[in-house]
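**Q** Got target19.cif for you, mmCIF, C-alpha atoms and all ligand atoms:
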data_start
loop_
_atom_site.label_atom_id
_atom_site.label_comp_id
_atom_site.auth_asym_id
_atom_site.auth_seq_id
_atom_site.Cartn_x
_atom_site.Cartn_y
_atom_site.Cartn_z
CA MET A 149 27.33 20.96 38.64
CA ARG A 150 24.29 19.22 39.92
CA ASP A 151 22.22 20.76 37.15
CA TRP A 152 24.63 19.55 34.49
CA ALA A 153 24.64 16.00 35.82
CA PHE A 154 20.89 16.11 35.82
CA ILE A 155 20.71 17.43 32.26
CA LEU A 156 23.24 14.87 31.00
CA ALA A 157 21.47 11.99 32.69
CA LEU A 158 18.26 13.14 31.10
CA THR A 159 19.47 14.00 27.61
CA PHE A 160 21.59 10.99 26.71
CA PRO A 161 19.04 8.26 27.30
CA VAL A 162 16.39 10.38 25.59
CA ALA A 163 18.64 10.94 22.56
CA ALA A 164 19.49 7.23 22.42
CA GLN A 165 15.82 6.35 22.68
CA ALA A 166 14.88 8.79 19.90
CA GLN A 167 17.58 7.24 17.70
CA GLU A 168 16.25 3.74 18.38
CA GLY A 169 12.67 4.86 17.82
CA GLY A 170 13.79 6.53 14.59
CA ALA A 171 15.42 3.33 13.34
CA ALA A 172 12.32 1.28 14.16
CA ALA A 173 10.11 3.89 12.47
CA TRP A 174 12.35 3.70 9.39
CA ASP A 175 11.98 -0.10 9.29
CA ARG A 176 8.21 0.32 9.22
CA ILE A 177 8.48 3.00 6.51
CA TYR A 178 10.67 0.68 4.45
CA ALA A 179 8.17 -2.19 4.83
CA VAL A 180 5.69 0.14 3.08
CA ALA A 181 8.06 1.67 0.52
CA SER A 182 9.25 -1.79 -0.57
CA HIS A 183 5.74 -3.23 -0.82
CA PRO A 184 4.57 -4.13 -4.35
CA ARG A 185 1.54 -1.81 -4.03
CA CYS A 186 4.09 1.02 -4.04
CA THR A 187 7.05 -0.41 -6.00
CA ASN A 188 4.88 -1.53 -8.93
CA CYS A 189 4.67 2.22 -9.75
CA HIS A 190 7.90 3.49 -8.17
CA VAL A 191 10.11 2.08 -10.95
CA GLY A 192 13.15 3.49 -12.71
CA GLU A 193 14.03 4.89 -16.10
CA GLU A 194 12.92 1.84 -18.06
CA GLY A 195 9.37 2.98 -17.28
CA ARG A 196 7.90 -0.53 -17.05
CA PRO A 197 5.33 -0.69 -14.29
CA ALA A 198 5.25 -4.05 -12.51
CA TRP A 199 2.58 -6.58 -11.65
CA ASP A 200 4.32 -8.11 -8.61
CA ASP A 201 2.06 -9.71 -6.02
CA LEU A 202 -1.02 -9.82 -8.25
CA GLY A 203 -1.01 -13.59 -8.69
CA TYR A 204 1.33 -13.89 -11.69
CA GLY A 205 4.45 -14.90 -9.77
CA PRO A 206 7.36 -12.74 -8.65
CA GLU A 207 9.16 -10.17 -10.82
CA ARG A 208 6.28 -9.94 -13.22
CA LEU A 209 6.15 -6.75 -15.31
CA HIS A 210 2.94 -5.05 -16.52
CA GLY A 211 1.18 -7.09 -19.19
CA MET A 212 0.51 -5.92 -22.74
CA ASN A 213 4.01 -4.44 -22.96
CA VAL A 214 2.88 -1.26 -21.27
CA VAL A 215 5.74 1.28 -21.12
CA ALA A 216 5.26 4.69 -19.50
CA GLY A 217 7.95 6.45 -21.55
CA GLU A 218 9.55 9.74 -20.66
CA SER A 219 6.12 11.28 -20.14
CA ARG A 220 5.54 8.65 -17.38
CA ILE A 221 1.91 8.48 -18.55
CA GLY A 222 2.38 6.43 -21.70
CA ALA A 223 1.83 9.43 -24.00
CA GLU A 224 4.36 7.95 -26.45
CA SER A 225 2.46 4.63 -26.81
CA ILE A 226 -0.79 3.71 -25.02
CA PRO A 227 -1.68 6.25 -22.32
CA CYS A 228 -2.35 4.80 -18.87
CA ARG A 229 -5.78 6.44 -18.92
CA ALA A 230 -6.85 4.15 -21.79
CA CYS A 231 -7.43 1.56 -19.06
CA HIS A 232 -6.92 3.26 -15.67
CA MET A 233 -9.75 5.77 -15.16
CA SER A 234 -8.97 9.10 -13.45
CA ALA A 235 -11.86 8.95 -10.98
CA ALA A 236 -12.34 7.45 -7.54
CA GLY A 237 -13.69 3.92 -7.63
CA ASP A 238 -13.95 1.01 -5.19
CA ASN A 239 -11.76 -1.22 -7.38
CA ALA A 240 -13.99 -4.16 -6.55
CA VAL A 241 -13.49 -6.19 -9.73
CA PRO A 242 -10.50 -8.56 -9.49
CA HIS A 243 -7.84 -7.97 -12.15
CA ALA A 244 -9.56 -4.90 -13.58
CA ALA A 245 -7.28 -1.87 -14.06
CA PRO A 246 -7.22 0.02 -10.72
CA GLN A 247 -8.58 3.57 -10.74
CA VAL A 248 -8.09 6.54 -8.38
CA ASP A 249 -9.09 10.20 -8.29
CA ASP A 250 -5.90 11.31 -10.07
CA ALA A 251 -4.30 10.67 -13.46
CA TRP A 252 -2.74 7.18 -13.15
CA ARG A 253 0.97 7.56 -13.92
CA LEU A 254 4.46 6.63 -12.84
CA PRO A 255 6.43 8.86 -10.43
CA PRO A 256 9.49 10.73 -11.75
CA VAL A 257 12.55 8.47 -12.16
CA GLU A 258 14.23 10.08 -9.10
CA LEU A 259 11.61 8.31 -6.99
CA ALA A 260 12.45 4.78 -8.19
CA TRP A 261 12.32 2.35 -5.26
CA ARG A 262 11.77 -1.00 -6.96
CA GLY A 263 14.66 -3.38 -6.26
CA ARG A 264 16.40 -0.89 -3.98
CA SER A 265 17.66 -1.73 -0.48
CA SER A 266 16.51 -0.18 2.77
CA VAL A 267 19.68 1.95 2.99
CA GLU A 268 19.33 3.14 -0.60
CA ILE A 269 15.72 4.25 -0.20
CA CYS A 270 16.47 5.75 3.22
CA THR A 271 19.34 7.84 1.82
CA LEU A 272 17.18 8.93 -1.08
CA LEU A 273 14.15 9.91 0.98
CA ARG A 274 15.98 12.14 3.43
CA ASP A 275 17.73 14.19 0.74
CA PRO A 276 15.48 16.68 -1.07
CA GLU A 277 18.08 16.99 -3.84
CA ALA A 278 17.93 13.27 -4.59
CA ASN A 279 14.22 13.20 -4.04
CA ASP A 280 12.57 15.41 -6.64
CA GLY A 281 12.60 18.31 -4.14
CA PHE A 282 10.57 16.58 -1.42
CA ASP A 283 11.60 17.42 2.15
CA ILE A 284 10.09 15.66 5.18
CA ALA A 285 7.18 18.09 5.50
CA ALA A 286 6.40 17.61 1.81
CA LEU A 287 6.62 13.83 2.22
CA VAL A 288 4.15 13.87 5.10
CA GLU A 289 1.86 16.19 3.14
CA HIS A 290 2.13 13.91 0.09
CA VAL A 291 1.37 10.65 1.89
CA THR A 292 -1.65 12.12 3.66
CA THR A 293 -3.17 13.58 0.48
CA SER A 294 -2.11 11.29 -2.39
CA ALA A 295 -4.78 9.12 -3.97
CA PHE A 296 -2.01 6.69 -4.97
CA VAL A 297 -0.84 6.22 -1.39
CA SER A 298 -4.41 5.57 -0.12
CA TYR A 299 -4.84 3.09 -2.95
CA GLY A 300 -1.65 1.31 -1.83
CA PHE A 301 -3.09 0.73 1.64
CA GLU A 302 -6.58 -0.21 0.47
CA PRO A 303 -6.31 -1.53 -3.06
CA GLY A 304 -9.51 -3.61 -3.07
CA ALA A 305 -10.31 -6.68 -5.18
CA GLY A 306 -8.35 -9.08 -2.96
CA ARG A 307 -4.97 -7.40 -3.58
CA THR A 308 -2.76 -7.22 -0.46
CA GLY A 309 -2.45 -3.71 0.93
CA ALA A 310 0.81 -2.16 2.11
CA PRO A 311 1.28 -2.74 5.89
CA GLY A 312 -0.29 -0.12 8.19
CA SER A 313 -2.27 2.91 7.11
CA VAL A 314 -1.85 6.45 5.79
CA THR A 315 -1.99 7.66 9.41
CA SER A 316 0.67 5.24 10.69
CA LEU A 317 2.94 6.08 7.74
CA ALA A 318 2.65 9.83 8.37
CA ARG A 319 3.33 9.23 12.09
CA ASP A 320 6.42 7.11 11.34
CA LEU A 321 7.79 9.75 8.97
CA LYS A 322 7.52 12.32 11.76
CA ILE A 323 9.19 10.01 14.33
CA TRP A 324 11.98 9.28 11.83
CA ALA A 325 12.43 13.02 11.11
CA GLU A 326 12.50 13.97 14.80
CA ALA A 327 15.20 11.34 15.39
CA GLY A 328 17.33 13.01 12.67
CA THR A 329 16.37 10.70 9.74
CA PRO A 330 18.74 7.84 10.68
CA CYS A 331 19.73 5.29 8.00
CA ALA A 332 21.34 1.92 8.77
CA ASP A 333 24.84 2.78 7.50
CA ASP A 334 25.19 6.15 9.31
C1 LIG B 401 -0.16 4.66 -9.62
C2 LIG B 401 1.22 4.83 -9.32
C3 LIG B 401 1.64 5.05 -7.88
C4 LIG B 401 1.47 4.19 -6.82
C5 LIG B 401 0.71 2.89 -6.79
C6 LIG B 401 2.17 4.79 -5.70
N1 LIG B 401 2.73 5.98 -6.07
FE1 LIG B 401 3.87 7.20 -4.89
N2 LIG B 401 3.98 8.55 -6.39
C7 LIG B 401 3.39 8.44 -7.63
C8 LIG B 401 3.60 9.67 -8.39
C9 LIG B 401 3.08 9.97 -9.78
C10 LIG B 401 4.39 10.52 -7.56
C11 LIG B 401 4.94 11.89 -7.89
C12 LIG B 401 4.19 12.96 -7.17
C13 LIG B 401 2.90 13.21 -7.82
O1 LIG B 401 2.88 13.43 -9.04
O2 LIG B 401 1.87 13.20 -7.09
C14 LIG B 401 4.60 9.79 -6.32
C15 LIG B 401 5.32 10.28 -5.24
C16 LIG B 401 5.44 9.68 -4.02
C17 LIG B 401 6.11 10.22 -2.86
C18 LIG B 401 6.78 11.54 -2.76
C19 LIG B 401 8.06 11.57 -3.41
C20 LIG B 401 9.20 10.98 -2.70
O3 LIG B 401 9.54 9.79 -2.93
O4 LIG B 401 9.82 11.70 -1.95
C21 LIG B 401 5.99 9.34 -1.85
C22 LIG B 401 6.54 9.46 -0.44
C23 LIG B 401 5.19 8.25 -2.36
N3 LIG B 401 4.88 8.46 -3.68
C24 LIG B 401 4.81 7.18 -1.60
C25 LIG B 401 4.08 6.11 -2.06
C26 LIG B 401 3.70 4.99 -1.23
C27 LIG B 401 4.08 4.83 0.23
C28 LIG B 401 2.97 4.15 -2.01
C29 LIG B 401 2.33 2.85 -1.63
C30 LIG B 401 1.55 2.83 -0.41
C31 LIG B 401 2.89 4.77 -3.36
N4 LIG B 401 3.57 5.95 -3.33
C32 LIG B 401 2.23 4.22 -4.43
C33 LIG B 401 2.73 7.31 -8.13
C34 LIG B 401 2.41 6.19 -7.39
C1 LIG B 402 -4.44 -1.99 -21.89
C2 LIG B 402 -4.88 -1.61 -20.55
C3 LIG B 402 -3.83 -0.99 -19.63
C4 LIG B 402 -3.01 0.09 -19.90
C5 LIG B 402 -2.86 0.89 -21.16
C6 LIG B 402 -2.28 0.33 -18.65
N1 LIG B 402 -2.67 -0.58 -17.69
FE1 LIG B 402 -1.88 -0.72 -15.82
N2 LIG B 402 -3.12 -2.30 -15.43
C7 LIG B 402 -4.05 -2.82 -16.29
C8 LIG B 402 -4.76 -3.92 -15.65
C9 LIG B 402 -5.89 -4.74 -16.26
C10 LIG B 402 -4.22 -4.02 -14.36
C11 LIG B 402 -4.62 -5.00 -13.25
C12 LIG B 402 -3.81 -6.27 -13.30
C13 LIG B 402 -4.27 -7.26 -12.25
O1 LIG B 402 -4.62 -6.85 -11.12
O2 LIG B 402 -4.25 -8.47 -12.54
C14 LIG B 402 -3.17 -3.00 -14.25
C15 LIG B 402 -2.39 -2.82 -13.14
C16 LIG B 402 -1.38 -1.87 -13.03
C17 LIG B 402 -0.49 -1.74 -11.93
C18 LIG B 402 -0.45 -2.62 -10.70
C19 LIG B 402 -1.20 -2.03 -9.56
C20 LIG B 402 -0.94 -2.75 -8.26
O3 LIG B 402 -1.74 -2.55 -7.32
O4 LIG B 402 0.05 -3.44 -8.11
C21 LIG B 402 0.33 -0.69 -12.19
C22 LIG B 402 1.44 -0.16 -11.30
C23 LIG B 402 -0.05 -0.16 -13.47
N3 LIG B 402 -1.09 -0.90 -13.97
C24 LIG B 402 0.56 0.92 -14.06
C25 LIG B 402 0.23 1.40 -15.32
C26 LIG B 402 0.82 2.57 -15.92
C27 LIG B 402 1.82 3.47 -15.25
C28 LIG B 402 0.29 2.68 -17.19
C29 LIG B 402 0.62 3.70 -18.24
C30 LIG B 402 2.03 3.85 -18.57
C31 LIG B 402 -0.64 1.58 -17.35
N4 LIG B 402 -0.66 0.83 -16.20
C32 LIG B 402 -1.35 1.32 -18.51
C33 LIG B 402 -4.30 -2.40 -17.59
C34 LIG B 402 -3.62 -1.38 -18.23
#
Any chance you could give the structure as structure tokens?
**A**
Amino acid sequence: MRDWAFILALTFPVAAQAQEGGAAAWDRIYAVASHPRCTNCHVGEEGRPAWDDLGYGPERLHGMNVVAGESRIGAESIPCRACHMSAAGDNAVPHAAPQVDDAWRLPPVELAWRGRSSVEICTLLRDPEANDGFDIAALVEHVTTSAFVSYGFEPGAGRTGAPGSVTSLARDLKIWAEAGTPCADD
């Protein structure tokens, strides 16, 4: 009996704390996932990258009518690589096309976050079937290795970076996962 009381007293507050910590971690993850440095690429089927938060006013789409098409790399019209070089660079020149050590492209449509709410992105991210096959381990692996994600935190040329860092994002994903991937409408 005494042991049970002890275990209950210990487990419930810890579980409640983990849940709270998980919700707070999710809020920080959402602050990143909804940042223009990420959502300008994480767009839907229409395949129009955005130029939000680059000094052209809100809701601004990519200039020059750039459309990524089904290929997501502009193969059907002008390829992204015509302007965005596939090589690491310091992106020091304001308003030049950013470059990273990967082929600049849009994510698959399943990963569209632009214009979506915290609950919508949360529900999407925790479900590998809705998420292009990414589970939490794959998400952590992706954010720590992706040249796009590092660019989002340190874009250069006076662009605002997403809040936090690659390390803090990976840590928050783990906290959120350990708390059972809570979303606000659970
Ligand atoms: C240049 C476009 C681009 C930018 C900018 C970008 N991404 Fe992505 N992202 C991609 C592509 C492409 C994929 C698909 C996986 C791949 O091909 O590497 C992807 C996939 C992902 C995934 C894994 C899939 C998922 O949703 O489960 C995560 C997480 C992710 N990106 C996070 C971010 C975050 C966070 C930022 C901003 C800090 C960001 N991305 C900025 C292009 C981009
Ligand atoms: C004709 C040249 C050109 C082509 C082609 C082009 N871009 Fe761009 N892109 C630019 C320039 C220049 C900027 C920088 C705008 C600025 O910072 O004022 C840019 C910026 C971006 C941004 C914003 C980055 C940020 O940090 O918010 C995204 C996203 C983007 N391009 C995606 C794409 C994708 C995807 C393709 C291919 C489907 C593509 N671009 C094709 C010239 C181009």
**Q** Out of A:Trp261, A:Phe296, A:Trp324, A:Trp252, which residue has the shortest atom-to-atom distance to ligand LIG 402 (chain B) when counting all atoms listed in the file?
**A**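 Of A:Trp261, A:Phe296, A:Trp324, A:Trp252, the one nearest ligand LIG 402 (chain B) is A:Trp252, counting all atoms listed in the file.
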**Q** Just want the residues within 6 Å of ligand LIG 401 (chain B), written as a PyMOL selection string, counting all atoms listed in the file.
**A** chain A and resi 180-181+185-186+189+252-255+259+273+279+282+287+290-291+296-297+300-301+310
**Q** Which residues form the shell of 8 Å around ligand LIG 402 (chain B) when you count only C-alpha atoms and all ligand atoms, given as a VMD selection string?
**A** chain A and resid 184 to 189 195 to 204 210 to 212 214 to 217 220 to 223 226 to 232 242 to 246 252 to 254 299 to 300 303 307
**Q** Let me see the file: selected residues, C-alpha atoms, as a CSV table (one decimal), in the coordinates of the input.
**A**
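Everything below was put into result.csv:
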chain,number,residue,atom,x,y,z
A,184,PRO,CA,4.6,-4.1,-4.4
A,185,ARG,CA,1.5,-1.8,-4.0
A,186,CYS,CA,4.1,1.0,-4.0
A,187,THR,CA,7.0,-0.4,-6.0
A,188,ASN,CA,4.9,-1.5,-8.9
A,189,CYS,CA,4.7,2.2,-9.8
A,195,GLY,CA,9.4,3.0,-17.3
A,196,ARG,CA,7.9,-0.5,-17.0
A,197,PRO,CA,5.3,-0.7,-14.3
A,198,ALA,CA,5.2,-4.0,-12.5
A,199,TRP,CA,2.6,-6.6,-11.6
A,200,ASP,CA,4.3,-8.1,-8.6
A,201,ASP,CA,2.1,-9.7,-6.0
A,202,LEU,CA,-1.0,-9.8,-8.2
A,203,GLY,CA,-1.0,-13.6,-8.7
A,204,TYR,CA,1.3,-13.9,-11.7
A,210,HIS,CA,2.9,-5.0,-16.5
A,211,GLY,CA,1.2,-7.1,-19.2
A,212,MET,CA,0.5,-5.9,-22.7
A,214,VAL,CA,2.9,-1.3,-21.3
A,215,VAL,CA,5.7,1.3,-21.1
A,216,ALA,CA,5.3,4.7,-19.5
A,217,GLY,CA,8.0,6.4,-21.6
A,220,ARG,CA,5.5,8.6,-17.4
A,221,ILE,CA,1.9,8.5,-18.6
A,222,GLY,CA,2.4,6.4,-21.7
A,223,ALA,CA,1.8,9.4,-24.0
A,226,ILE,CA,-0.8,3.7,-25.0
A,227,PRO,CA,-1.7,6.2,-22.3
A,228,CYS,CA,-2.4,4.8,-18.9
A,229,ARG,CA,-5.8,6.4,-18.9
A,230,ALA,CA,-6.8,4.2,-21.8
A,231,CYS,CA,-7.4,1.6,-19.1
A,232,HIS,CA,-6.9,3.3,-15.7
A,242,PRO,CA,-10.5,-8.6,-9.5
A,243,HIS,CA,-7.8,-8.0,-12.2
A,244,ALA,CA,-9.6,-4.9,-13.6
A,245,ALA,CA,-7.3,-1.9,-14.1
A,246,PRO,CA,-7.2,0.0,-10.7
A,252,TRP,CA,-2.7,7.2,-13.2
A,253,ARG,CA,1.0,7.6,-13.9
A,254,LEU,CA,4.5,6.6,-12.8
A,299,TYR,CA,-4.8,3.1,-3.0
A,300,GLY,CA,-1.6,1.3,-1.8
A,303,PRO,CA,-6.3,-1.5,-3.1
A,307,ARG,CA,-5.0,-7.4,-3.6
**Q** Within 12 Å of Asp280 of chain A, counting all atoms listed in the file, which residues qualify if same-chain residues fewer than 2 places away don't, as a list in words?
**A** Pro255, Pro256, Val257, Glu258, Leu259, Ala260, Leu272, Leu273, Arg274, Asp275, Pro276, Glu277, Ala278, Phe282, Asp283, Ala286 and Leu287 of chain A
**Q** For a cutoff of 12 Å around the file-coordinate point (4.4, 10.5, 12.6), which residues qualify once you count all atoms listed in the file? I'd like the result as a PyMOL selection string.
**A** chain A and resi 169-170+173-174+176-177+284-285+287-289+291-292+313-327
**Q** When you count all atoms listed in the file, which of these residues is closest to Ser234 of chain A: A:Ala295, A:Ala179, A:Ala166, A:Val191?
**A**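 Smallest distance to Ser234 of chain A is found for A:Ala295.
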**Q** Could you please give me, as a PyMOL selection string, the residues of protein, DNA or RNA lying at most 12 Å from (23.4, 7.1, 11.3) in the coordinate frame of the file, considering all atoms listed in the file?
**A** chain A and resi 164+167-168+170-171+174+267+270-271+274+324+327-334
**Q** Please define a box with edges along x, y and z of the file around all atoms of segment 206-211 of chain A given in the file, extend it by 8 Å on each side, and return its centre and edge lengths in Å to one decimal, as AutoDock Vina command-line options.
**A**
--center_x 5.2 --center_y -8.9 --center_z -13.9 --size_x 24.0 --size_y 23.7 --size_z 26.5
**Q** I'd like the interatomic distance between atom CA of Glu207 of chain A and atom CA of Gly304 of chain A, to a tenth of an Å.
**A** 21.3 Å
**Q** Provide the atom CA of His190 of chain A to atom CA of Ala251 of chain A distance in Å, to one decimal place.
**A**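 Computing it gives 15.1 Å between the two atoms.
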**Q** Distance atom CA of Gly192 of chain A-atom CA of Gly312 of chain A, one decimal place?
**A**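 Separating atom CA of Gly192 of chain A from atom CA of Gly312 of chain A is a distance of 25.1 Å.
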**Q** Closest to Arg264 of chain A among A:Glu193, A:Gln165, A:Ser182, A:Ala172, using only C-alpha atoms?
**A**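 Ranked by minimum distance to Arg264 of chain A, first place goes to A:Ser182.
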